[in-house]
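Okay, so here's the structure we're looking at.
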Amino acid sequence: MKMIQKGLAFVGLLSLCALFIYALQDAPTDENFETKLINDYNVYALQVPDYLNFAGEAMPLENPDILERMDRELLVNTYWQSNGLLMFKRAKKYFPIIEPILAKHGVPDDFKYLSVIESGLTNAVSPAGARGFWQIMPATGRENGLEVNGNVDERYNLEKATEVACKYLIDAKENLGSWTLAAAAYNAGNAGVSRRLDEQGVTGYYDLLLGEETGRYLFRIVALKEILSNPKKYGFNFRDKDLYTNVPTYKIEVDTAVTDFTKFAQRFGINYKLLKLHNPWLREPHLNNSSRKAYYVEIPKEGYYN
């Protein structure tokens, strides 16, 4: 019996030695470390680029506080992979609508990323009452010529809402002196940013002590700009055909009331759902239009939904 026990102990010892040797051989070395990472799922520390800017205005990354805050937003947005892929998909669909409007008004192209962090490129609804891609409040919309009521809400019209956002940003730039501060004002208001600058005796966004949301705001914009501009660098892999595209439309002028949008849609070979999909600013299944205002309703071209 003792001989058997000794034999089993010897076999066990040999097994442990073999496992130890195998572990040493399989442990990642400098030579095979990169290969092993490629073959497995891993989380990487990210290297913040040496130079980042918003609208041509450089971020002071030599400041350790700024560097850490930028690192945080790059990490959060890189490793929120599902959301990141959706941003790539939607950007292909909606940036071609936003970009020429920004360019027409002389607003830097980087502001398209502001719409990404505001709404995720969706017609989002905030608890405070902001609506649409640009999260415009009711009063701001009306002050800038948008119709905002229960029947028609033009904050959901991407082209018109982008025009309003441009006007707000241009005014903020004139008041505050930089595009970076104008972007911050889009979140905290012109008066709010101006007051904090005066209270704290500084002139730039990166020197301000701000609340959580506005304090992260520019860093989130720049992080999305960096990631969406460099998908492979941040591990996003897709084909062009994986991205969303806009369905071509044509516009119909409507200058009367419409009693039934279901029947209206059927006249153009579509259903009410598709009419609403392309005209989210129509908030009810009818149009009051007692003033005989001219509206332009988008109709998808034939064949795309068949």
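In the structure tokens, chains take letters A, B, ... by order of appearance, with residues numbered from 1 within each chain and ligands from 1 in the order shown.
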
Residues of region 178-282 of chain A at most 8 Å from region 111-128 of chain A: nearest atom pair and distance in Å, only C-alpha atoms, as JSON lines:
```
{"residue": "A:Ala183", "atom": "CA", "partner": "A:Leu114", "partner_atom": "CA", "distance": 7.7}
{"residue": "A:Arg220", "atom": "CA", "partner": "A:Ile117", "partner_atom": "CA", "distance": 7.1}
{"residue": "A:Ile221", "atom": "CA", "partner": "A:Tyr113", "partner_atom": "CA", "distance": 5.7}
{"residue": "A:Val222", "atom": "CA", "partner": "A:Tyr113", "partner_atom": "CA", "distance": 7.8}
{"residue": "A:Leu224", "atom": "CA", "partner": "A:Tyr113", "partner_atom": "CA", "distance": 6.6}
{"residue": "A:Lys225", "atom": "CA", "partner": "A:Tyr113", "partner_atom": "CA", "distance": 6.1}
```

Item to complete: Might you pull out every residue within 8 Å of Pro108 (chain A), with only C-alpha atoms counted and same-chain residues fewer than 5 positions away left off, and present them as an MDAnalysis selection string?
Response: chainID A and resid 55 102:103

Item to complete: Identify, with DSSP run on backbone atoms, the residues in region 40-247 of chain A assigned to alpha helix (DSSP H), and express the list as a ChimeraX atom specification.
Response: /A:64-78,81-105,112-119,138-143,158-176,179-188,190-200,212-229

Worksheet entry | Residue contacts of Ile299 (chain A) (8 Å, only C-alpha atoms) excluding same-chain residues fewer than 4 positions away, as number ranges by chain | A: 249-252, 268, 275, 278

Discussion item. So, with only C-alpha atoms as the atoms that count, which of A:Val164, A:Leu158, A:Leu61, A:Leu228 lies closest to Thr140 (chain A)?
Written reply: A:Val164

Worksheet item: Which residues come within 9 Å of region 201-210 of chain A, counting only C-alpha atoms, excluding same-chain residues fewer than 5 positions away, as a ChimeraX atom specification?
Response: /A:59-60,66,176,178,180-181,184,193,196,215-216,218

Worksheet item: What gap, in Å, lies between CA of Arg239 (chain A) and CA of Thr162 (chain A)?
Response: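 Answer for the CA of Arg239 (chain A) to CA of Thr162 (chain A) separation: 28.4 Å.
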
Discussion item. Given only C-alpha atoms as the basis, pick out the residue of A:Thr245, A:Gly177, A:Asn77, A:Lys276 nearest to Arg90 (chain A).
Written reply: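 Of A:Thr245, A:Gly177, A:Asn77, A:Lys276, the one nearest Arg90 (chain A), counting only C-alpha atoms, is A:Thr245.
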
Worksheet item: Looking at only C-alpha atoms, which of A:Glu154, A:Leu277, A:Ala172, A:Asp71 is the one that sits closest to Tyr296 (chain A)?
Response: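 Of all the options, A:Glu154 lies closest to Tyr296 (chain A).
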
Practice prompt. Measuring atom to atom with only C-alpha atoms, identify which of A:Phe95, A:Trp134, A:Trp281, A:Tyr304 is nearest to Glu147 (chain A).
Written response: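 Checking each of A:Phe95, A:Trp134, A:Trp281, A:Tyr304 against Glu147 (chain A), counting only C-alpha atoms, the winner is A:Trp281.
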
Response to the item:
Nearest to Thr214 (chain A), restricted to only C-alpha atoms and choosing among A:Tyr41, A:Phe238, A:Glu199, A:Asn187, comes out as A:Asn187

Worksheet entry | Selection: 12 Å around Val43 (chain A), only C-alpha atoms, excl. self and same-chain fewer than 6 positions, as a ChimeraX atom specification | /A:37,75-76,78-81,234-235

Include all heavy atoms and write out the residues we just selected as a compact mmCIF listing (two decimals), in the first residue's frame.
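File produced: part_37.txt:
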```
# COMPACT_ATOMS: atom_id res chain seq x y z
N LEU A 37 -1.78 39.02 -27.87
CA LEU A 37 -2.82 40.02 -27.71
C LEU A 37 -3.75 40.04 -28.91
O LEU A 37 -4.95 40.20 -28.78
CB LEU A 37 -2.18 41.40 -27.52
CG LEU A 37 -1.50 41.67 -26.18
CD1 LEU A 37 -0.92 43.07 -26.17
CD2 LEU A 37 -2.48 41.51 -25.04
N LEU A 75 -10.84 56.62 -23.57
CA LEU A 75 -11.09 55.27 -23.06
C LEU A 75 -12.58 54.94 -23.04
O LEU A 75 -13.01 53.89 -23.52
CB LEU A 75 -10.51 55.13 -21.65
CG LEU A 75 -9.00 54.94 -21.54
CD1 LEU A 75 -8.55 55.13 -20.11
CD2 LEU A 75 -8.59 53.57 -22.05
N VAL A 76 -13.37 55.84 -22.48
CA VAL A 76 -14.81 55.59 -22.35
C VAL A 76 -15.44 55.37 -23.72
O VAL A 76 -16.25 54.45 -23.91
CB VAL A 76 -15.48 56.77 -21.62
CG1 VAL A 76 -17.00 56.68 -21.75
CG2 VAL A 76 -15.08 56.80 -20.15
N THR A 78 -13.90 54.66 -26.67
CA THR A 78 -13.32 53.55 -27.44
C THR A 78 -13.91 52.23 -26.99
O THR A 78 -14.25 51.38 -27.83
CB THR A 78 -11.79 53.52 -27.26
OG1 THR A 78 -11.23 54.71 -27.82
CG2 THR A 78 -11.18 52.31 -27.97
N TYR A 79 -14.07 52.04 -25.69
CA TYR A 79 -14.51 50.75 -25.18
C TYR A 79 -16.03 50.64 -24.98
O TYR A 79 -16.50 49.61 -24.51
CB TYR A 79 -13.75 50.41 -23.90
CG TYR A 79 -12.31 50.07 -24.22
CD1 TYR A 79 -11.27 50.92 -23.87
CD2 TYR A 79 -12.01 48.93 -24.95
CE1 TYR A 79 -9.96 50.63 -24.21
CE2 TYR A 79 -10.70 48.63 -25.29
CZ TYR A 79 -9.68 49.47 -24.92
OH TYR A 79 -8.38 49.17 -25.28
N TRP A 80 -16.75 51.66 -25.38
CA TRP A 80 -18.21 51.54 -25.52
C TRP A 80 -18.46 51.17 -26.98
O TRP A 80 -18.95 51.94 -27.78
CB TRP A 80 -18.89 52.84 -25.13
CG TRP A 80 -20.38 52.74 -25.00
CD1 TRP A 80 -21.15 51.62 -25.06
CD2 TRP A 80 -21.29 53.83 -24.80
NE1 TRP A 80 -22.48 51.93 -24.92
CE2 TRP A 80 -22.60 53.29 -24.75
CE3 TRP A 80 -21.12 55.21 -24.65
CZ2 TRP A 80 -23.73 54.08 -24.57
CZ3 TRP A 80 -22.25 55.99 -24.48
CH2 TRP A 80 -23.54 55.43 -24.43
N GLN A 81 -18.08 49.93 -27.32
CA GLN A 81 -17.96 49.55 -28.72
C GLN A 81 -19.27 49.60 -29.49
O GLN A 81 -19.30 50.03 -30.65
CB GLN A 81 -17.33 48.15 -28.85
CG GLN A 81 -15.88 48.08 -28.39
CD GLN A 81 -15.77 47.55 -26.96
OE1 GLN A 81 -16.65 47.76 -26.13
NE2 GLN A 81 -14.67 46.87 -26.64
N TYR A 234 -8.45 52.75 -33.37
CA TYR A 234 -9.16 52.49 -32.12
C TYR A 234 -9.95 51.18 -32.15
O TYR A 234 -10.82 50.95 -31.31
CB TYR A 234 -10.06 53.68 -31.78
CG TYR A 234 -9.22 54.90 -31.45
CD1 TYR A 234 -8.95 55.86 -32.43
CD2 TYR A 234 -8.64 55.05 -30.20
CE1 TYR A 234 -8.15 56.95 -32.14
CE2 TYR A 234 -7.83 56.14 -29.91
CZ TYR A 234 -7.59 57.09 -30.89
OH TYR A 234 -6.77 58.15 -30.60
N GLY A 235 -9.62 50.33 -33.12
CA GLY A 235 -10.13 48.96 -33.12
C GLY A 235 -11.51 48.77 -33.72
O GLY A 235 -12.12 47.72 -33.49
```

Pick out the residues sitting within 9 Å of Asp171 (chain A), and hand them over as a compact mmCIF listing (two decimals) with all heavy atoms, in the first residue's frame; count only C-alpha atoms, and ignore anything fewer than 5 positions along from it in its own chain.
```txt
# COMPACT_ATOMS: atom_id res chain seq x y z
N CYS A 166 -26.02 76.79 -36.08
CA CYS A 166 -24.95 77.64 -36.64
C CYS A 166 -25.08 79.07 -36.14
O CYS A 166 -24.09 79.71 -35.76
CB CYS A 166 -25.01 77.61 -38.17
SG CYS A 166 -24.41 76.08 -38.91
N LEU A 176 -17.72 85.37 -26.94
CA LEU A 176 -16.74 84.75 -26.03
C LEU A 176 -15.32 84.70 -26.59
O LEU A 176 -14.38 84.49 -25.83
CB LEU A 176 -17.21 83.34 -25.66
CG LEU A 176 -18.54 83.30 -24.90
CD1 LEU A 176 -19.08 81.88 -24.82
CD2 LEU A 176 -18.40 83.90 -23.51
N ALA A 182 -17.31 78.80 -27.51
CA ALA A 182 -18.63 78.76 -28.16
C ALA A 182 -19.25 77.38 -28.01
O ALA A 182 -20.46 77.25 -27.74
CB ALA A 182 -18.49 79.13 -29.64
N ASN A 190 -24.41 81.11 -23.12
CA ASN A 190 -23.47 82.23 -23.23
C ASN A 190 -23.25 82.91 -21.89
O ASN A 190 -22.12 83.15 -21.47
CB ASN A 190 -23.98 83.25 -24.25
CG ASN A 190 -23.61 82.90 -25.67
OD1 ASN A 190 -22.45 82.98 -26.05
ND2 ASN A 190 -24.59 82.51 -26.46
```

Practice prompt. Mind listing the strand (DSSP E or B) residues of region 122-303 of chain A, per DSSP on the backbone, as a VMD selection string?
Written response: chain A and resid 125 131 136 148 152 to 153 249 to 254 258 282 287 295 to 300
